[in-house]
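Written out below as structure tokens is the structure these notes cover.
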Amino acid sequence: MKKIVALLAFITLSAYSGLACTNLLITSGASVNGSNMVSYSADSHTRYGVLVHYPASRYQKNSTLDIYEWGKERYLGKIPQAEKTYNVIGNMNEHQVVIGESTWGGLESQYDPQGIVDYGSLMYIALQRAKTAREAINVITTLANEYGYASSGESISIADKSEVWFLEIIGKAPKVVDGKNINKGAVWVAIRIPDGYISGHANQARITTFPKNDPENCLYAPDVITHAREQGLYKGGDEEFSFADTYGPADGATVRGCDARVWSFFNKYAEEDMSKYLDYALGHNLKNRMPLYVKAKRKLGVKDVADMMRDHYEGTAMDMTKDIGAGGNALPYRWRPMGFEVDGEKYINERAIATQQTGFWFVGEARPNIPDQIGGIFWFAVDDAATSPLTPVYTSSTSISDNYRLGNGSMLEYSPTSMFWITNRIAQFAYLRYNHIGTEVRSIIDTHEKEMMKRVAETDQKASEFLKKSPERIAPLTTEFSVNSANELFNKWKKLDEYLLVKYMDGNTKKQNPDGSFKNNGHSDKIPPVPDFPGYTDIWKKAVKESAGGGQPLK
């Protein structure tokens, strides 16, 4: 923990708000099986974790689509509906396009209160209308310009089976004449991540300078620079123009709470030595900015990406288990608010990739060497990534598990059949003794996910055989596999909740036999022997000693 001198208002607050998400981007040349991958955690203290499904549909000509602000359900207006839409499972569609985002806010002057399309709606509309990442970029930016962008600054990850793109977008400063905004739309830049490289974003604008004559690798709004000049935000030449520094400038607290998460990812998997950027990640040297993307030192699999989403800065200078804030059981979490004041000085707690307030998260896997009917795998989970298991869903599925469905419970309504609620029950219990309960939960997650990867490979093989002879059988097969896998996982997690309570209640740990069953005392199968009392970490013991005034030890 380091002291932060000042916490700037609008920009820095985005790091503390409910809209605080993390995306990791992996290109095919940096992945084990040649897939493009995007991971995303939808972090919000008010978001209920569900898996959405938009079936492929056809609409009559001149149909309209009502737009409600994502996560707030505020009605914004209507836009024309497409005559044909694609099947969407979560944040991935049947053509293997996958989209994620993170909010960075940016300059408040760029917000259009009359905008009709918000970032969340744009993501899901693009998924329903786009066959490629480039098409998705076009859908998002065209609709924002035509109907007005109703959100603050966003970083958006967009991948398909061929490319991975990093888009940053913010609204134009509104100019209202006779009650109407005549300056509606958005300014934006999109960068293609080179093959063999990885990238990421976490609530901080990251695209600085960009090439102006390379449409294969960079797309941008034609007025992205002139608009900044018109608003008095930039006065230099085109070549020196930085999108991030102009529309979403950072400070030390922003970097420490946001871009440091990307640094942690790079630090683990970049070919380049990332220790030279540690002073930047700590918020001490903002001039030593990290690159937008780095070459991967080895190829990553889905499990590598999933486990990175469970990161708490372990093994780094920001390791959240290594100070007294972790309590007596190495808890890598700090309850909100992130910032606090002691003796007139302001401080900030770390904000890692894995966080307690996640609504849902995923790893989208677009596989170029497998036909679309089988290729798209949407690995999905709800709640904190560190204590929640992924379940695989083929994007050709025509249905989803009821345990993950919208309407099965809410943030204000407990449901005993909701995966979100059972996962939260286990997480809350694990937080009490994280180095014991959390460790076991993670072990069970690892076993489950490795097994599911084997089962996906088996289903791929079966579906490939259908593709040759009976392609009409593929969707029923992938749907059955996806739904049954999710249902089985829910039932497994229900039993895990009961097992953990029996084993770890009252700060004890019951003894077990090699097969996992609980030991009895030899006289009764209902009474256990005296349990283990694992106690607290040495950090905690020393802190308690010091807070007690360093009294005399027991003789």
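All residue names refer to the structure tokens as shown: chains lettered A, B, ... in order, residues numbered from 1 in each chain, ligands numbered from 1 in order.
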
request  = From stretch 63-254 of chain A, collect each residue whose DSSP state is strand (DSSP E) and return the set as a ChimeraX atom specification.
outcome  = /A:64-68,75-80,84-85,88-89,92-93,98-105,153-159,164-171,176-177,180-181,186-192,197-201,218-220

inquiry  = Which residue is closest to A:Ile445? Choose from A:Gly90, A:Pro389, A:Gly344, A:Gly359 and count only C-alpha atoms.
reply    =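 Distance minimum relative to A:Ile445 lands on A:Pro389.
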
task = Extract, using only C-alpha atoms, all DNA, RNA and protein residues at most 8 Å from stretch 424-438 of chain A, discarding same-chain residues fewer than 2 positions from it, and format them as a list in words.
result =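 Skipping anything fewer than 2 positions along the chain leaves Asn329, Ala330, Leu331, Asp383, Asp384, Thr387, Ser388, Phe420, Trp421, Ile422, Glu440, Val441, Arg442, Leu496, Asp497, Leu500, Tyr504 and Gly507 of chain A.
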
Deliver the residues from the most recent selection as a file, using all heavy atoms, as a compact mmCIF listing (two decimals), in the first residue's frame.
```txt
# COMPACT_ATOMS: atom_id res chain seq x y z
N ASN A 329 -6.05 -14.68 7.93
CA ASN A 329 -6.13 -15.86 7.05
C ASN A 329 -5.82 -15.53 5.60
O ASN A 329 -6.41 -16.11 4.68
CB ASN A 329 -7.51 -16.49 7.16
CG ASN A 329 -7.76 -17.13 8.52
OD1 ASN A 329 -8.51 -16.62 9.34
ND2 ASN A 329 -7.08 -18.25 8.78
N ALA A 330 -4.90 -14.58 5.39
CA ALA A 330 -4.35 -14.26 4.06
C ALA A 330 -5.43 -13.96 3.04
O ALA A 330 -5.40 -14.45 1.91
CB ALA A 330 -3.46 -15.41 3.58
N LEU A 331 -6.39 -13.14 3.42
CA LEU A 331 -7.49 -12.78 2.52
C LEU A 331 -7.01 -11.75 1.49
O LEU A 331 -6.66 -10.63 1.86
CB LEU A 331 -8.67 -12.22 3.31
CG LEU A 331 -9.88 -11.79 2.49
CD1 LEU A 331 -10.55 -13.00 1.85
CD2 LEU A 331 -10.88 -11.02 3.35
N ASP A 383 -20.02 -14.49 -10.37
CA ASP A 383 -19.39 -14.06 -9.12
C ASP A 383 -17.86 -14.06 -9.24
O ASP A 383 -17.30 -14.24 -10.31
CB ASP A 383 -19.87 -14.91 -7.94
CG ASP A 383 -19.51 -14.29 -6.59
OD1 ASP A 383 -19.60 -13.05 -6.47
OD2 ASP A 383 -19.13 -15.03 -5.66
N ASP A 384 -17.19 -13.83 -8.14
CA ASP A 384 -15.75 -13.70 -8.02
C ASP A 384 -15.03 -14.82 -8.76
O ASP A 384 -15.23 -16.00 -8.48
CB ASP A 384 -15.41 -13.73 -6.53
CG ASP A 384 -13.93 -13.62 -6.22
OD1 ASP A 384 -13.11 -13.61 -7.15
OD2 ASP A 384 -13.60 -13.55 -5.03
N THR A 387 -13.23 -17.80 -6.89
CA THR A 387 -13.99 -18.84 -6.19
C THR A 387 -15.14 -19.38 -7.03
O THR A 387 -16.04 -20.02 -6.50
CB THR A 387 -14.54 -18.30 -4.85
OG1 THR A 387 -15.19 -17.04 -5.08
CG2 THR A 387 -13.44 -18.12 -3.83
N SER A 388 -15.11 -19.13 -8.34
CA SER A 388 -16.21 -19.61 -9.18
C SER A 388 -15.68 -20.43 -10.34
O SER A 388 -14.64 -20.11 -10.92
CB SER A 388 -17.04 -18.43 -9.70
OG SER A 388 -16.28 -17.57 -10.50
N PHE A 420 -25.67 -18.08 -9.39
CA PHE A 420 -25.10 -16.87 -8.80
C PHE A 420 -25.17 -16.93 -7.28
O PHE A 420 -24.19 -16.61 -6.59
CB PHE A 420 -25.84 -15.64 -9.31
CG PHE A 420 -25.32 -14.35 -8.75
CD1 PHE A 420 -24.19 -13.75 -9.27
CD2 PHE A 420 -25.97 -13.71 -7.69
CE1 PHE A 420 -23.70 -12.54 -8.75
CE2 PHE A 420 -25.50 -12.51 -7.17
CZ PHE A 420 -24.37 -11.93 -7.70
N TRP A 421 -26.29 -17.36 -6.74
CA TRP A 421 -26.45 -17.36 -5.29
C TRP A 421 -25.65 -18.48 -4.63
O TRP A 421 -25.04 -18.29 -3.58
CB TRP A 421 -27.92 -17.43 -4.90
CG TRP A 421 -28.58 -16.08 -4.96
CD1 TRP A 421 -29.57 -15.67 -5.81
CD2 TRP A 421 -28.27 -14.93 -4.15
NE1 TRP A 421 -29.89 -14.36 -5.59
CE2 TRP A 421 -29.11 -13.87 -4.57
CE3 TRP A 421 -27.35 -14.69 -3.13
CZ2 TRP A 421 -29.07 -12.62 -3.99
CZ3 TRP A 421 -27.31 -13.43 -2.55
CH2 TRP A 421 -28.16 -12.41 -2.98
N ILE A 422 -25.62 -19.67 -5.22
CA ILE A 422 -24.86 -20.74 -4.59
C ILE A 422 -23.37 -20.45 -4.66
O ILE A 422 -22.61 -20.75 -3.73
CB ILE A 422 -25.19 -22.11 -5.21
CG1 ILE A 422 -24.69 -23.25 -4.31
CG2 ILE A 422 -24.62 -22.25 -6.59
CD1 ILE A 422 -25.33 -23.30 -2.95
N GLU A 440 -9.02 -24.82 -0.81
CA GLU A 440 -9.70 -26.05 -1.21
C GLU A 440 -10.68 -25.80 -2.35
O GLU A 440 -10.78 -26.60 -3.28
CB GLU A 440 -10.43 -26.71 -0.03
CG GLU A 440 -11.12 -28.00 -0.42
CD GLU A 440 -11.45 -28.91 0.73
OE1 GLU A 440 -11.25 -28.52 1.89
OE2 GLU A 440 -11.92 -30.04 0.46
N VAL A 441 -11.39 -24.69 -2.29
CA VAL A 441 -12.32 -24.36 -3.37
C VAL A 441 -11.56 -24.23 -4.69
O VAL A 441 -12.00 -24.76 -5.72
CB VAL A 441 -13.08 -23.06 -3.06
CG1 VAL A 441 -13.88 -22.59 -4.28
CG2 VAL A 441 -14.03 -23.25 -1.88
N ARG A 442 -10.42 -23.57 -4.65
CA ARG A 442 -9.63 -23.41 -5.87
C ARG A 442 -9.17 -24.77 -6.42
O ARG A 442 -9.17 -25.00 -7.63
CB ARG A 442 -8.44 -22.51 -5.60
CG ARG A 442 -7.47 -22.36 -6.76
CD ARG A 442 -8.14 -21.75 -7.99
NE ARG A 442 -7.21 -21.73 -9.10
CZ ARG A 442 -6.34 -20.75 -9.33
NH1 ARG A 442 -6.29 -19.70 -8.50
NH2 ARG A 442 -5.54 -20.80 -10.37
N LEU A 496 -21.07 -28.98 -2.66
CA LEU A 496 -19.85 -28.38 -2.13
C LEU A 496 -20.16 -27.41 -1.00
O LEU A 496 -19.45 -27.36 0.01
CB LEU A 496 -19.09 -27.68 -3.25
CG LEU A 496 -17.81 -26.94 -2.83
CD1 LEU A 496 -16.79 -27.90 -2.23
CD2 LEU A 496 -17.20 -26.19 -4.02
N ASP A 497 -21.21 -26.63 -1.15
CA ASP A 497 -21.62 -25.68 -0.12
C ASP A 497 -21.88 -26.41 1.20
O ASP A 497 -21.43 -25.98 2.27
CB ASP A 497 -22.88 -24.95 -0.59
CG ASP A 497 -23.39 -23.95 0.43
OD1 ASP A 497 -22.57 -23.20 1.00
OD2 ASP A 497 -24.61 -23.91 0.67
N LEU A 500 -18.45 -27.94 2.66
CA LEU A 500 -17.56 -26.95 3.27
C LEU A 500 -18.05 -26.53 4.65
O LEU A 500 -17.25 -26.34 5.57
CB LEU A 500 -17.45 -25.73 2.36
CG LEU A 500 -16.73 -25.95 1.02
CD1 LEU A 500 -16.86 -24.70 0.15
CD2 LEU A 500 -15.27 -26.31 1.23
N TYR A 504 -15.61 -27.03 7.84
CA TYR A 504 -14.89 -25.86 8.35
C TYR A 504 -15.66 -25.01 9.36
O TYR A 504 -15.20 -23.94 9.72
CB TYR A 504 -14.49 -24.96 7.18
CG TYR A 504 -13.44 -25.54 6.27
CD1 TYR A 504 -13.77 -26.02 5.00
CD2 TYR A 504 -12.11 -25.61 6.66
CE1 TYR A 504 -12.80 -26.53 4.15
CE2 TYR A 504 -11.13 -26.12 5.82
CZ TYR A 504 -11.48 -26.58 4.57
OH TYR A 504 -10.52 -27.09 3.73
N GLY A 507 -14.43 -22.24 12.73
CA GLY A 507 -12.99 -22.03 12.71
C GLY A 507 -12.18 -23.30 12.83
O GLY A 507 -10.96 -23.24 12.91
```

ask   = If we count only C-alpha atoms, what is near A:Ser482 at a cut-off of 12 Å, once residues fewer than 4 positions away on the same chain are taken out, given as a PyMOL selection string?
value = chain A and resi 89+374+377-380+390-402+404+452+455-456+459+475-478+486-489

Taking C-alpha atoms for each residue, export the selection above as a compact mmCIF listing (two decimals), in the first residue's frame.
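Output below, filename selection.txt:
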```txt
# COMPACT_ATOMS: atom_id res chain seq x y z
CA ILE A 89 -24.74 -16.76 -26.00
CA ILE A 374 -18.56 -26.07 -33.30
CA ILE A 377 -16.74 -21.85 -26.88
CA PHE A 378 -17.97 -19.42 -24.26
CA TRP A 379 -16.46 -20.38 -20.89
CA PHE A 380 -18.78 -18.71 -18.39
CA LEU A 390 -16.25 -21.93 -15.54
CA THR A 391 -18.72 -23.96 -17.55
CA PRO A 392 -18.34 -24.36 -21.34
CA VAL A 393 -21.18 -23.24 -23.62
CA TYR A 394 -21.06 -23.76 -27.37
CA THR A 395 -22.26 -20.65 -29.17
CA SER A 396 -24.36 -22.80 -31.50
CA SER A 397 -26.50 -23.75 -28.48
CA THR A 398 -30.17 -22.97 -28.81
CA SER A 399 -30.88 -22.96 -25.07
CA ILE A 400 -29.15 -22.33 -21.73
CA SER A 401 -29.33 -23.78 -18.23
CA ASP A 402 -32.14 -22.51 -16.02
CA TYR A 404 -27.96 -19.30 -15.05
CA MET A 452 -14.43 -30.02 -18.73
CA ARG A 455 -15.12 -33.32 -22.28
CA VAL A 456 -15.16 -30.40 -24.73
CA THR A 459 -17.77 -33.33 -27.87
CA ALA A 475 -26.98 -27.82 -32.53
CA PRO A 476 -28.96 -30.40 -30.50
CA LEU A 477 -25.67 -32.04 -29.49
CA THR A 478 -23.90 -28.83 -28.45
CA ALA A 486 -24.04 -26.31 -16.44
CA ASN A 487 -26.77 -28.22 -14.60
CA GLU A 488 -24.30 -30.81 -13.31
CA LEU A 489 -21.99 -28.06 -12.11
```

request  = Quick one: everything within 7 Å of stretch 122-128 of chain A, counting only C-alpha atoms, minus sequence neighbours fewer than 3 positions away in the same chain. Send it as JSON, numbers by chain.
outcome  = {"A": [85, 86, 87, 88, 92, 93, 97, 99, 117, 118, 119, 136, 139, 140]}

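The list of residues with at least one atom within 9 Å of A:Gly71, based on only C-alpha atoms and without residues fewer than 5 positions apart in the same chain, reads Thr46, Arg47 and Gly120 of chain A.
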
With all heavy atoms retained, export the selected residues as a PDB file, in the first residue's frame.
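Saved to again-v9.pdb:
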```pdb
ATOM      1  N   THR A  46     -23.745  -4.012  -8.016  1.00  0.00           N
ATOM      2  CA  THR A  46     -25.199  -4.138  -8.197  1.00  0.00           C
ATOM      3  C   THR A  46     -25.581  -5.077  -9.340  1.00  0.00           C
ATOM      4  O   THR A  46     -26.762  -5.283  -9.576  1.00  0.00           O
ATOM      5  CB  THR A  46     -25.829  -2.760  -8.476  1.00  0.00           C
ATOM      6  OG1 THR A  46     -25.265  -2.200  -9.670  1.00  0.00           O
ATOM      7  CG2 THR A  46     -25.586  -1.811  -7.315  1.00  0.00           C
ATOM      8  N   ARG A  47     -24.602  -5.655 -10.043  1.00  0.00           N
ATOM      9  CA  ARG A  47     -24.928  -6.497 -11.191  1.00  0.00           C
ATOM     10  C   ARG A  47     -25.168  -7.943 -10.760  1.00  0.00           C
ATOM     11  O   ARG A  47     -24.332  -8.556 -10.107  1.00  0.00           O
ATOM     12  CB  ARG A  47     -23.818  -6.467 -12.240  1.00  0.00           C
ATOM     13  CG  ARG A  47     -24.223  -7.209 -13.524  1.00  0.00           C
ATOM     14  CD  ARG A  47     -23.188  -7.053 -14.612  1.00  0.00           C
ATOM     15  NE  ARG A  47     -22.961  -5.682 -14.991  1.00  0.00           N
ATOM     16  CZ  ARG A  47     -23.803  -4.944 -15.701  1.00  0.00           C
ATOM     17  NH1 ARG A  47     -24.967  -5.449 -16.082  1.00  0.00           N
ATOM     18  NH2 ARG A  47     -23.510  -3.694 -16.009  1.00  0.00           N
ATOM     19  N   GLY A 120     -23.318  -0.837 -23.359  1.00  0.00           N
ATOM     20  CA  GLY A 120     -23.791  -2.201 -23.180  1.00  0.00           C
ATOM     21  C   GLY A 120     -24.727  -2.631 -24.296  1.00  0.00           C
ATOM     22  O   GLY A 120     -24.597  -3.727 -24.860  1.00  0.00           O
TER      23      GLY A 120
END
```

message = Can you pull out the residues contacting stretch 526-542 of chain A? Cut-off 9 Å, using only C-alpha atoms, and skip same-chain residues under 2 positions away; I want them as a ChimeraX atom specification.
response = /A:322-324,326-330,436,507-511,518-524,544-547

Minimum-distance residue to A:Gly115, chosen among A:Gly185, A:Val52, A:Thr254, A:Thr103 (using only C-alpha atoms) =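 Between A:Gly185, A:Val52, A:Thr254, A:Thr103, the residue approaching A:Gly115 most closely is A:Gly185.
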
request  = Could you give me, as a ChimeraX atom specification, each residue of stretch 120-356 of chain A that DSSP assigns to alpha helix (DSSP H) when run on this structure's backbone?
outcome  = /A:120-129,133-147,224-230,243-247,252-254,260-269,278-281,302-308

task = Please indicate the distance in Å from atom CA of A:Pro194 to atom CA of A:Met318, rounded to one decimal place.
result =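 If I compute the distance from atom CA of A:Pro194 to atom CA of A:Met318, I get 29.3 Å.
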
message = Which residue is closest to A:Pro471? Choose from A:Asn484, A:Trp188, A:Gln373, A:Ile207 and count only C-alpha atoms.
response =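 When distances to A:Pro471 are compared using only C-alpha atoms, the smallest one comes from A:Gln373.
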